[in-house]
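**Student:** This one is run_35.txt, compact mmCIF, C-alpha atoms.
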```txt
# COMPACT_ATOMS: atom_id res chain seq x y z
CA ALA H 1 -19.30 43.64 10.30
CA ALA H 2 -15.79 42.63 9.30
CA GLN H 3 -15.19 39.51 7.26
CA GLN H 4 -13.59 36.77 9.36
CA LYS H 5 -10.35 35.14 8.27
CA TYR H 6 -10.98 31.64 6.93
CA SER H 7 -8.51 29.37 8.70
CA TYR H 8 -8.85 26.65 11.30
CA PHE H 9 -7.48 23.26 12.35
CA SER H 10 -9.17 19.89 12.48
CA ALA H 11 -8.13 16.40 13.56
CA GLY H 12 -9.20 13.12 12.03
CA VAL H 13 -9.15 9.37 12.58
CA GLN H 14 -9.86 6.64 10.03
CA ALA H 15 -10.34 2.90 9.61
CA SER H 16 -8.97 1.50 6.38
CA THR H 17 -8.35 -1.50 4.22
CA SER H 18 -4.96 -1.72 2.51
CA HIS H 19 -3.96 -3.49 -0.67
CA TYR H 20 -1.03 -3.78 -3.04
CA GLN H 21 -0.31 -4.35 -6.72
CA GLY H 22 2.83 -6.19 -7.73
CA ASP H 23 4.42 -9.38 -9.00
CA LEU H 24 2.31 -11.67 -6.81
CA ASP H 25 -1.04 -10.06 -7.66
CA ASP H 26 -2.40 -10.23 -11.20
CA ASN H 27 -5.55 -8.21 -10.52
CA GLY H 28 -4.01 -5.31 -8.63
CA PHE H 29 -6.72 -2.76 -7.83
CA ASP H 30 -9.18 -4.20 -10.38
CA PHE H 31 -11.78 -5.32 -7.84
CA TRP H 32 -14.29 -6.01 -10.61
CA ALA H 33 -12.26 -9.18 -11.12
CA ALA H 34 -14.11 -10.63 -8.15
CA PHE H 35 -17.30 -10.63 -10.23
CA GLU H 36 -15.81 -11.85 -13.50
CA SER H 37 -14.83 -15.30 -14.68
CA ALA H 38 -12.66 -14.46 -17.68
CA PRO H 39 -9.70 -16.81 -18.22
CA ASN H 40 -7.17 -14.07 -17.47
CA ARG H 41 -8.58 -13.55 -13.97
CA ASN H 42 -6.09 -16.03 -12.58
CA ASN H 43 -5.49 -14.61 -9.15
CA GLY H 44 -8.92 -15.41 -7.82
CA ASN H 45 -10.87 -12.97 -5.68
CA PRO H 46 -8.88 -9.73 -5.13
CA PHE H 47 -10.91 -9.00 -1.99
CA LYS H 48 -8.98 -11.85 -0.34
CA LEU H 49 -5.86 -9.69 -0.49
CA LEU H 50 -7.35 -6.78 1.47
CA ARG H 51 -5.76 -6.20 4.86
CA PRO H 52 -6.80 -3.91 7.75
CA GLY H 53 -5.40 -0.46 8.37
CA PHE H 54 -5.92 2.71 10.38
CA GLY H 55 -4.67 6.27 10.55
CA PHE H 56 -5.03 9.76 11.95
CA SER H 57 -4.36 13.27 10.70
CA ILE H 58 -4.00 16.94 11.60
CA ASN H 59 -5.49 19.30 9.03
CA TYR H 60 -4.90 23.00 8.45
CA HIS H 61 -7.74 24.65 6.52
CA PHE H 62 -6.29 27.85 5.07
CA HIS H 63 -8.80 28.41 2.25
CA PRO H 64 -12.42 27.36 1.62
CA HIS H 65 -11.27 25.03 -1.17
CA PHE H 66 -7.87 23.90 0.18
CA PHE H 67 -6.38 22.34 3.27
CA VAL H 68 -3.13 20.60 4.14
CA ARG H 69 -3.38 17.15 5.70
CA LEU H 70 -0.48 15.77 7.76
CA ALA H 71 -1.31 12.09 8.02
CA PHE H 72 -0.08 8.89 9.61
CA SER H 73 -1.30 5.69 7.94
CA GLN H 74 -0.70 2.12 9.05
CA GLY H 75 -1.60 -0.85 6.89
CA TRP H 76 -0.63 -4.37 5.97
CA ILE H 77 -0.24 -6.03 2.56
CA GLY H 78 0.33 -9.57 1.34
CA ALA H 79 -0.18 -12.10 -1.44
CA ALA H 80 0.71 -15.67 -2.34
CA ASP H 81 1.01 -17.75 -5.49
CA SER H 82 -1.11 -20.37 -3.78
CA PHE H 83 -4.12 -18.05 -4.38
CA ASN H 84 -3.51 -18.23 -8.11
CA LYS H 85 -5.36 -20.57 -10.47
CA ASP H 86 -2.44 -20.69 -12.93
CA PRO H 87 -0.42 -23.93 -12.42
CA MET H 88 2.83 -22.09 -13.22
CA ARG H 89 2.16 -19.57 -10.47
CA LYS H 90 1.33 -22.30 -7.99
CA TRP H 91 4.58 -23.98 -9.00
CA ARG H 92 6.53 -20.74 -8.43
CA ASN H 93 5.15 -20.88 -4.87
CA LEU H 94 6.24 -17.41 -3.69
CA SER H 95 4.47 -15.50 -0.92
CA PHE H 96 4.97 -12.48 1.33
CA GLN H 97 3.35 -10.22 3.86
CA SER H 98 4.46 -6.83 5.14
CA HIS H 99 3.45 -3.84 7.18
CA VAL H 100 3.25 -0.44 5.46
CA THR H 101 3.84 2.49 7.82
CA GLU H 102 3.49 5.91 6.21
CA ILE H 103 3.83 9.59 7.15
CA SER H 104 2.70 12.03 4.46
CA ALA H 105 1.79 15.64 3.71
CA GLN H 106 -1.13 16.05 1.31
CA LEU H 107 -2.80 19.02 -0.34
CA VAL H 108 -6.56 18.47 -0.50
CA TYR H 109 -8.86 20.38 -2.89
CA MET H 110 -12.54 20.55 -1.93
CA ILE H 111 -14.57 20.91 -5.13
CA ILE H 112 -17.62 22.44 -3.42
CA ALA H 113 -16.94 25.21 -0.90
CA ASN H 114 -17.96 28.73 0.19
CA ASP H 115 -16.03 31.61 1.74
CA LEU H 116 -18.23 31.98 4.80
CA HIS H 117 -17.41 30.91 8.33
CA PRO H 118 -16.43 27.20 8.68
CA ARG H 119 -19.72 26.57 10.52
CA PHE H 120 -21.45 27.23 7.22
CA ARG H 121 -19.30 24.96 5.07
CA PRO H 122 -21.32 22.98 2.49
CA ASN H 123 -23.08 19.86 3.68
CA TRP H 124 -21.04 17.72 1.33
CA SER H 125 -18.20 17.97 -1.16
CA PRO H 126 -16.13 15.62 -3.32
CA TYR H 127 -12.38 16.22 -3.16
CA ILE H 128 -9.07 15.19 -4.66
CA PHE H 129 -5.65 15.04 -3.02
CA ALA H 130 -1.97 14.57 -3.79
CA GLY H 131 1.22 14.88 -1.78
CA ILE H 132 4.48 13.30 -0.76
CA GLY H 133 5.30 10.81 1.96
CA VAL H 134 7.80 8.45 3.51
CA PHE H 135 6.91 4.82 4.15
CA ASN H 136 8.54 1.79 5.72
CA PHE H 137 7.92 -1.85 4.77
CA ASN H 138 9.51 -5.25 5.42
CA PRO H 139 8.44 -8.23 3.27
CA ARG H 140 8.44 -11.50 5.22
CA ALA H 141 7.40 -15.08 4.53
CA LYS H 142 6.93 -18.41 6.30
CA PRO H 143 9.15 -21.38 5.39
CA ASP H 144 7.81 -24.58 3.90
CA ALA H 145 7.20 -27.23 6.53
CA ALA H 146 9.77 -29.54 4.90
CA TRP H 147 12.56 -27.01 5.44
CA ALA H 148 12.12 -27.15 9.20
CA SER H 149 12.57 -30.92 9.19
CA GLN H 150 15.87 -30.67 7.30
CA TYR H 151 17.17 -27.50 8.97
CA PRO H 152 15.54 -27.43 12.44
CA GLU H 153 18.24 -25.07 13.68
CA LEU H 154 17.38 -22.52 10.97
CA PHE H 155 13.60 -22.63 10.63
CA ASN H 156 10.54 -22.46 12.80
CA PRO H 157 7.59 -23.38 10.53
CA ASN H 158 5.35 -20.84 12.33
CA GLN H 159 7.78 -17.92 12.13
CA LEU H 160 7.92 -15.18 9.53
CA TYR H 161 11.40 -14.42 8.16
CA SER H 162 12.46 -11.06 6.75
CA LEU H 163 13.38 -11.48 3.10
CA GLN H 164 15.39 -8.32 2.39
CA PRO H 165 18.45 -9.36 4.50
CA LEU H 166 18.50 -12.73 2.70
CA GLY H 167 19.27 -11.24 -0.73
CA THR H 168 16.87 -13.62 -2.48
CA GLU H 169 17.72 -12.20 -5.91
CA GLY H 170 21.48 -12.24 -5.32
CA GLN H 171 21.77 -8.72 -3.88
CA TYR H 172 24.59 -9.68 -1.51
CA LEU H 173 26.58 -11.93 -3.85
CA VAL H 174 29.86 -10.83 -5.42
CA ASP H 175 28.81 -9.24 -8.70
CA GLU H 176 31.79 -9.12 -11.05
CA ASN H 177 29.68 -8.39 -14.14
CA ASP H 178 27.39 -5.83 -12.49
CA GLU H 179 24.31 -7.89 -13.36
CA LEU H 180 22.82 -8.44 -9.92
CA PRO H 181 20.49 -5.93 -8.23
CA ASP H 182 21.55 -3.75 -5.32
CA PRO H 183 19.92 -4.26 -1.92
CA TYR H 184 16.70 -2.29 -1.67
CA ALA H 185 15.93 0.18 1.13
CA LEU H 186 13.08 -0.57 3.52
CA THR H 187 12.25 3.13 3.97
CA GLN H 188 11.41 5.02 0.79
CA ILE H 189 9.50 7.92 -0.76
CA CYS H 190 5.88 7.62 -1.95
CA ILE H 191 3.45 9.89 -3.79
CA PRO H 192 -0.12 9.72 -2.38
CA ILE H 193 -2.92 10.50 -4.84
CA GLY H 194 -6.64 9.94 -4.52
CA ILE H 195 -10.27 11.03 -4.43
CA GLY H 196 -12.92 11.19 -1.77
CA VAL H 197 -16.13 12.75 -0.48
CA ARG H 198 -16.80 14.66 2.75
CA ARG H 199 -20.17 14.90 4.55
CA LYS H 200 -20.96 17.48 7.24
CA ILE H 201 -22.56 16.05 10.40
CA ASN H 202 -22.86 19.27 12.43
CA GLU H 203 -20.96 22.50 13.01
CA ARG H 204 -17.90 20.65 14.34
CA PHE H 205 -17.88 17.13 12.89
CA ASP H 206 -17.52 15.69 9.37
CA VAL H 207 -17.26 12.14 8.03
CA TYR H 208 -15.39 11.22 4.87
CA PHE H 209 -14.66 8.32 2.54
CA ASP H 210 -11.64 8.25 0.25
CA ILE H 211 -9.61 5.97 -1.98
CA GLY H 212 -5.89 6.69 -2.15
CA LEU H 213 -3.11 5.06 -4.16
CA ARG H 214 0.61 5.35 -3.49
CA LYS H 215 3.08 5.65 -6.33
CA VAL H 216 6.32 4.12 -5.07
CA PHE H 217 9.75 3.91 -6.63
CA THR H 218 10.55 0.30 -5.84
CA ASP H 219 9.53 -3.06 -7.24
CA TYR H 220 10.33 -4.87 -4.00
CA LEU H 221 7.27 -4.46 -1.80
CA ASP H 222 6.90 -8.22 -2.29
CA ASP H 223 10.67 -8.97 -2.49
CA VAL H 224 10.17 -9.96 -6.16
CA SER H 225 11.43 -8.02 -9.17
CA GLY H 226 14.18 -9.70 -11.19
CA THR H 227 13.27 -11.74 -14.23
CA PHE H 228 15.72 -14.56 -13.55
CA TYR H 229 16.47 -16.61 -10.48
CA ALA H 230 19.79 -16.22 -8.68
CA ASP H 231 22.14 -19.22 -8.81
CA PRO H 232 21.01 -21.48 -5.94
CA GLU H 233 24.46 -22.96 -5.44
CA GLU H 234 25.95 -19.47 -5.09
CA LEU H 235 23.25 -18.51 -2.65
CA MET H 236 23.69 -21.71 -0.65
CA ARG H 237 27.46 -21.38 -0.55
CA ASN H 238 27.72 -17.64 0.18
CA LEU H 239 24.50 -16.65 1.92
CA GLY H 240 23.25 -19.92 3.36
CA PRO H 241 20.20 -22.19 3.12
CA ARG H 242 17.68 -19.50 4.08
CA SER H 243 18.61 -17.30 1.14
CA ALA H 244 18.66 -20.21 -1.31
CA LEU H 245 15.36 -21.67 -0.16
CA PHE H 246 13.39 -18.44 -0.07
CA SER H 247 14.84 -17.40 -3.45
CA ASP H 248 13.33 -20.25 -5.46
CA ARG H 249 10.68 -22.29 -3.69
CA SER H 250 9.71 -24.22 -6.80
CA PHE H 251 12.41 -26.84 -7.25
CA TYR H 252 13.19 -27.87 -3.66
CA ASN H 253 12.35 -31.57 -3.44
CA GLY H 254 11.71 -31.73 0.29
CA SER H 255 15.04 -33.14 1.41
CA ALA H 256 17.91 -31.59 -0.58
CA TYR H 257 18.79 -29.52 -3.60
CA ASP H 258 18.73 -31.39 -6.87
CA VAL H 259 20.83 -29.54 -9.47
CA GLN H 260 19.40 -31.59 -12.33
CA GLN H 261 15.88 -30.74 -11.18
CA TYR H 262 16.90 -27.07 -11.01
CA GLN H 263 18.20 -27.15 -14.56
CA MET H 264 15.01 -28.76 -15.75
CA SER H 265 12.96 -26.18 -13.88
CA GLU H 266 14.91 -23.37 -15.53
CA GLU H 267 13.95 -24.78 -18.92
CA GLY H 268 10.36 -24.90 -17.75
CA LYS H 269 10.43 -21.26 -16.68
CA THR H 270 10.52 -19.83 -20.19
CA ASP H 271 6.89 -18.73 -19.76
CA GLU H 272 7.05 -17.85 -16.08
CA LYS H 273 9.88 -15.67 -14.76
CA ARG H 274 10.46 -14.82 -11.14
CA GLY H 275 9.25 -11.22 -11.54
CA ASN H 276 8.81 -8.24 -13.85
CA TYR H 277 11.36 -5.50 -13.19
CA LYS H 278 9.73 -3.14 -15.72
CA LEU H 279 6.79 -2.28 -13.46
CA ASP H 280 7.11 -0.84 -9.96
CA ASP H 281 4.74 -1.91 -7.21
CA TRP H 282 1.88 0.15 -5.76
CA TYR H 283 -0.10 0.12 -2.53
CA GLY H 284 -3.20 1.97 -1.41
CA PHE H 285 -5.84 2.57 1.23
CA ILE H 286 -9.64 2.63 1.17
CA SER H 287 -10.65 4.67 4.21
CA LEU H 288 -13.69 5.73 6.20
CA GLY H 289 -13.00 8.46 8.73
CA ALA H 290 -14.24 11.36 10.83
CA THR H 291 -12.81 14.81 11.53
CA MET H 292 -13.45 17.32 14.33
CA ILE H 293 -12.75 21.05 14.23
CA ILE H 294 -10.22 21.86 16.95
CA GLY H 295 -10.57 24.80 19.31
CA LYS H 296 -13.24 27.38 19.92
CA GLN H 297 -14.70 28.75 16.71
CA ASP H 298 -14.85 32.50 16.22
CA ARG H 299 -18.36 33.85 16.44
CA CYS H 300 -19.10 35.80 13.28
CA PRO H 301 -21.91 38.37 13.32
CA ARG H 302 -25.07 36.83 11.94
CA LEU H 303 -27.86 38.89 10.43
CA TRP H 304 -31.41 37.89 9.60
CA ASN H 305 -32.33 38.73 6.04
CA ASN H 306 -35.75 39.48 4.71
CA ARG H 307 -36.23 35.90 3.54
CA GLY H 308 -35.77 34.38 6.98
CA ARG H 309 -32.30 32.89 6.41
CA TRP H 310 -29.05 33.48 8.28
CA PHE H 311 -26.13 35.03 6.51
CA VAL H 312 -22.70 36.29 7.53
CA GLN H 313 -21.03 39.59 6.78
```
For the structure just supplied, provide its representation as structure tokens.

**Tutor:**
Amino acid sequence: AAQQKYSYFSAGVQASTSHYQGDLDDNGFDFWAAFESAPNRNNGNPFKLLRPGFGFSINYHFHPHFFVRLAFSQGWIGAADSFNKDPMRKWRNLSFQSHVTEISAQLVYMIIANDLHPRFRPNWSPYIFAGIGVFNFNPRAKPDAAWASQYPELFNPNQLYSLQPLGTEGQYLVDENDELPDPYALTQICIPIGIGVRRKINERFDVYFDIGLRKVFTDYLDDVSGTFYADPEELMRNLGPRSALFSDRSFYNGSAYDVQQYQMSEEGKTDEKRGNYKLDDWYGFISLGATMIIGKQDRCPRLWNNRGRWFVQ
């Protein structure tokens, strides 16, 4: 009998948890920090920063070891200095939350495979993947309750405000010395990489578990990057109270700006800057999913060998 061509499509769905690593998260993806009590584990339990997610995919299996996965992934990320045990971080008082909406193309390599009909794929196989994607995000934060009492026309204490349009690091100020950052884009490129394991359920269905990280080319998933704070008076005068307040939440005294307090706080910030521009942010997904082979499978001839096992020619 003729050898059948090895190619087919499958579709998948997944439930995920999403997480990020950046300027508001000391532990990043080091989840062992939840079980350690070392002094440098300042950000508390990293499991508190996990957020829900979901996704689906269409897969083209063109080789026993390889398939292309076109995937949509939806997650949420967030962090806050209030989670941190370090007094300087609590004093910085920054926070954010954001959606992460991603479309990607990934090449998946199955480590264990055979060249028989897909019905006879191995019962299980670890795999690795890498690809390229496009994602959208929008960091937002809630105002302090005291702001709403002073500026009731500007703030609802229960509302989340988008931070990128506010230019919290001076992105929209006049920059005569070319020292201020440019506004960052909310839709950018990412590089998905990860590992996983697949388990066959029957001829048509598989389940899988994978851990995927996203290399991004921005440090603004959390709206924090620059080392120094923008001038609050410039922000107040040119961009308004929202920009000034969300830029530096540490020195606002509850009723008005106090320039002397700001100057003192700047002296106190020698050990705690606003952010670290040298390291870009990351985000990732931990996913549990299922796939189903699409369409009617070709029936390959099956022969019974002398040992009582099926094989395909």

**Student:** Just checking: using all atoms listed in the file, which residue out of H:Tyr229, H:Trp76, H:Phe217, H:Tyr8 ends up closest to Thr168 of chain H?

**Tutor:**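 The answer is H:Tyr229, which sits nearest to Thr168 of chain H.
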
**Student:** One decimal, in Å: what's the spacing between atom CA of Gln159 of chain H and atom CA of Gly22 of chain H?

**Tutor:** 23.6 Å

**Student:** Go ahead and compute the interatomic distance for atom CA of Arg121 of chain H and atom CA of Gly53 of chain H, in Å to one decimal.

**Tutor:**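 Computing the Euclidean distance for atom CA of Arg121 of chain H and atom CA of Gly53 of chain H yields 29.2 Å.
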
**Student:** Dump as an NGL selection string all residues having an atom at most 12 Å from (6.0, 10.4, 5.3), computed in the file's coordinates with only C-alpha atoms.

**Tutor:** :H and (69-74 or 100-106 or 131-136 or 187-192 or 214)

**Student:** If we count only C-alpha atoms, what is near Glu169 of chain H at a cut-off of 8 Å, once residues fewer than 4 positions away on the same chain are taken out, given as a PDB file with C-alpha atoms, keeping the file's coordinate frame?

**Tutor:**
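As written to disk, selection.pdb reads:
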```
ATOM      1  CA  LEU H 180      22.820  -8.440  -9.920  1.00  0.00           C
ATOM      2  CA  PRO H 181      20.490  -5.930  -8.230  1.00  0.00           C
ATOM      3  CA  VAL H 224      10.170  -9.960  -6.160  1.00  0.00           C
ATOM      4  CA  GLY H 226      14.180  -9.700 -11.190  1.00  0.00           C
ATOM      5  CA  TYR H 229      16.470 -16.610 -10.480  1.00  0.00           C
ATOM      6  CA  ALA H 230      19.790 -16.220  -8.680  1.00  0.00           C
ATOM      7  CA  SER H 247      14.840 -17.400  -3.450  1.00  0.00           C
TER       8      SER H 247
END
```

**Student:** Of the candidates H:Tyr161, H:Ser287, H:Leu24, H:Trp124, which shows the shortest atom-to-atom distance to Ser225 of chain H, using all atoms listed in the file?

**Tutor:**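 So, comparing all the options, the nearest one is H:Leu24.
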
**Student:** Measure the distance from atom CA of Asn156 of chain H to atom CA of Pro183 of chain H in Å and round it to one decimal.

**Tutor:**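 So the two atoms, atom CA of Asn156 of chain H and atom CA of Pro183 of chain H, lie 25.2 Å apart.
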
**Student:** Using all atoms listed in the file, give me every residue within 12 Å of (1.2, 4.2, -8.7) in file coordinates, as a list in words.

**Tutor:**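 Residues lying no farther than 12 Å from the given point: Tyr20, Gln21, Gly22, Gly28, Phe29, Ala130, Cys190, Ile191, Pro192, Ile193, Gly194, Gly212, Leu213, Arg214, Lys215, Val216, Phe217, Thr218, Asp219, Leu279, Asp280, Asp281, Trp282, Tyr283 and Gly284 of chain H.
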
**Student:** Using all atoms listed in the file, find the one residue out of H:Leu239, H:Ile201, H:Ile77, H:Val207 that sits nearest to Val174 of chain H.

**Tutor:**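 The closest residue to Val174 of chain H is H:Leu239.
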
**Student:** Find, counting only C-alpha atoms, the residue in H:Tyr184, H:Asp206, H:Pro165, H:Gly275 that gets nearest to Ala290 of chain H.

**Tutor:**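 For Ala290 of chain H, the nearest of the candidates is H:Asp206.
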
**Student:** Which residue out of H:Lys278, H:Lys200, H:Arg92, H:Lys142 has the minimum interatomic distance to Arg242 of chain H when all atoms listed in the file are used?

**Tutor:**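 Among H:Lys278, H:Lys200, H:Arg92, H:Lys142, it is H:Lys142 that comes nearest to Arg242 of chain H.
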
**Student:** Just checking: using all atoms listed in the file, which residue out of H:Met236, H:Met292, H:Ile128, H:Ile195 ends up closest to Leu107 of chain H?

**Tutor:**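 Looking only at the distances to Leu107 of chain H, the closest residue turns out to be H:Ile128.
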
**Student:** Can you tell me which residues surround Leu245 of chain H at a distance of at most 9 Å, considering all atoms listed in the file, apart from same-chain residues fewer than 3 positions away, and format the answer as an MDAnalysis selection string?

**Tutor:** chainID H and resid 143 147 168 232 235:236 240:242 248:249 252
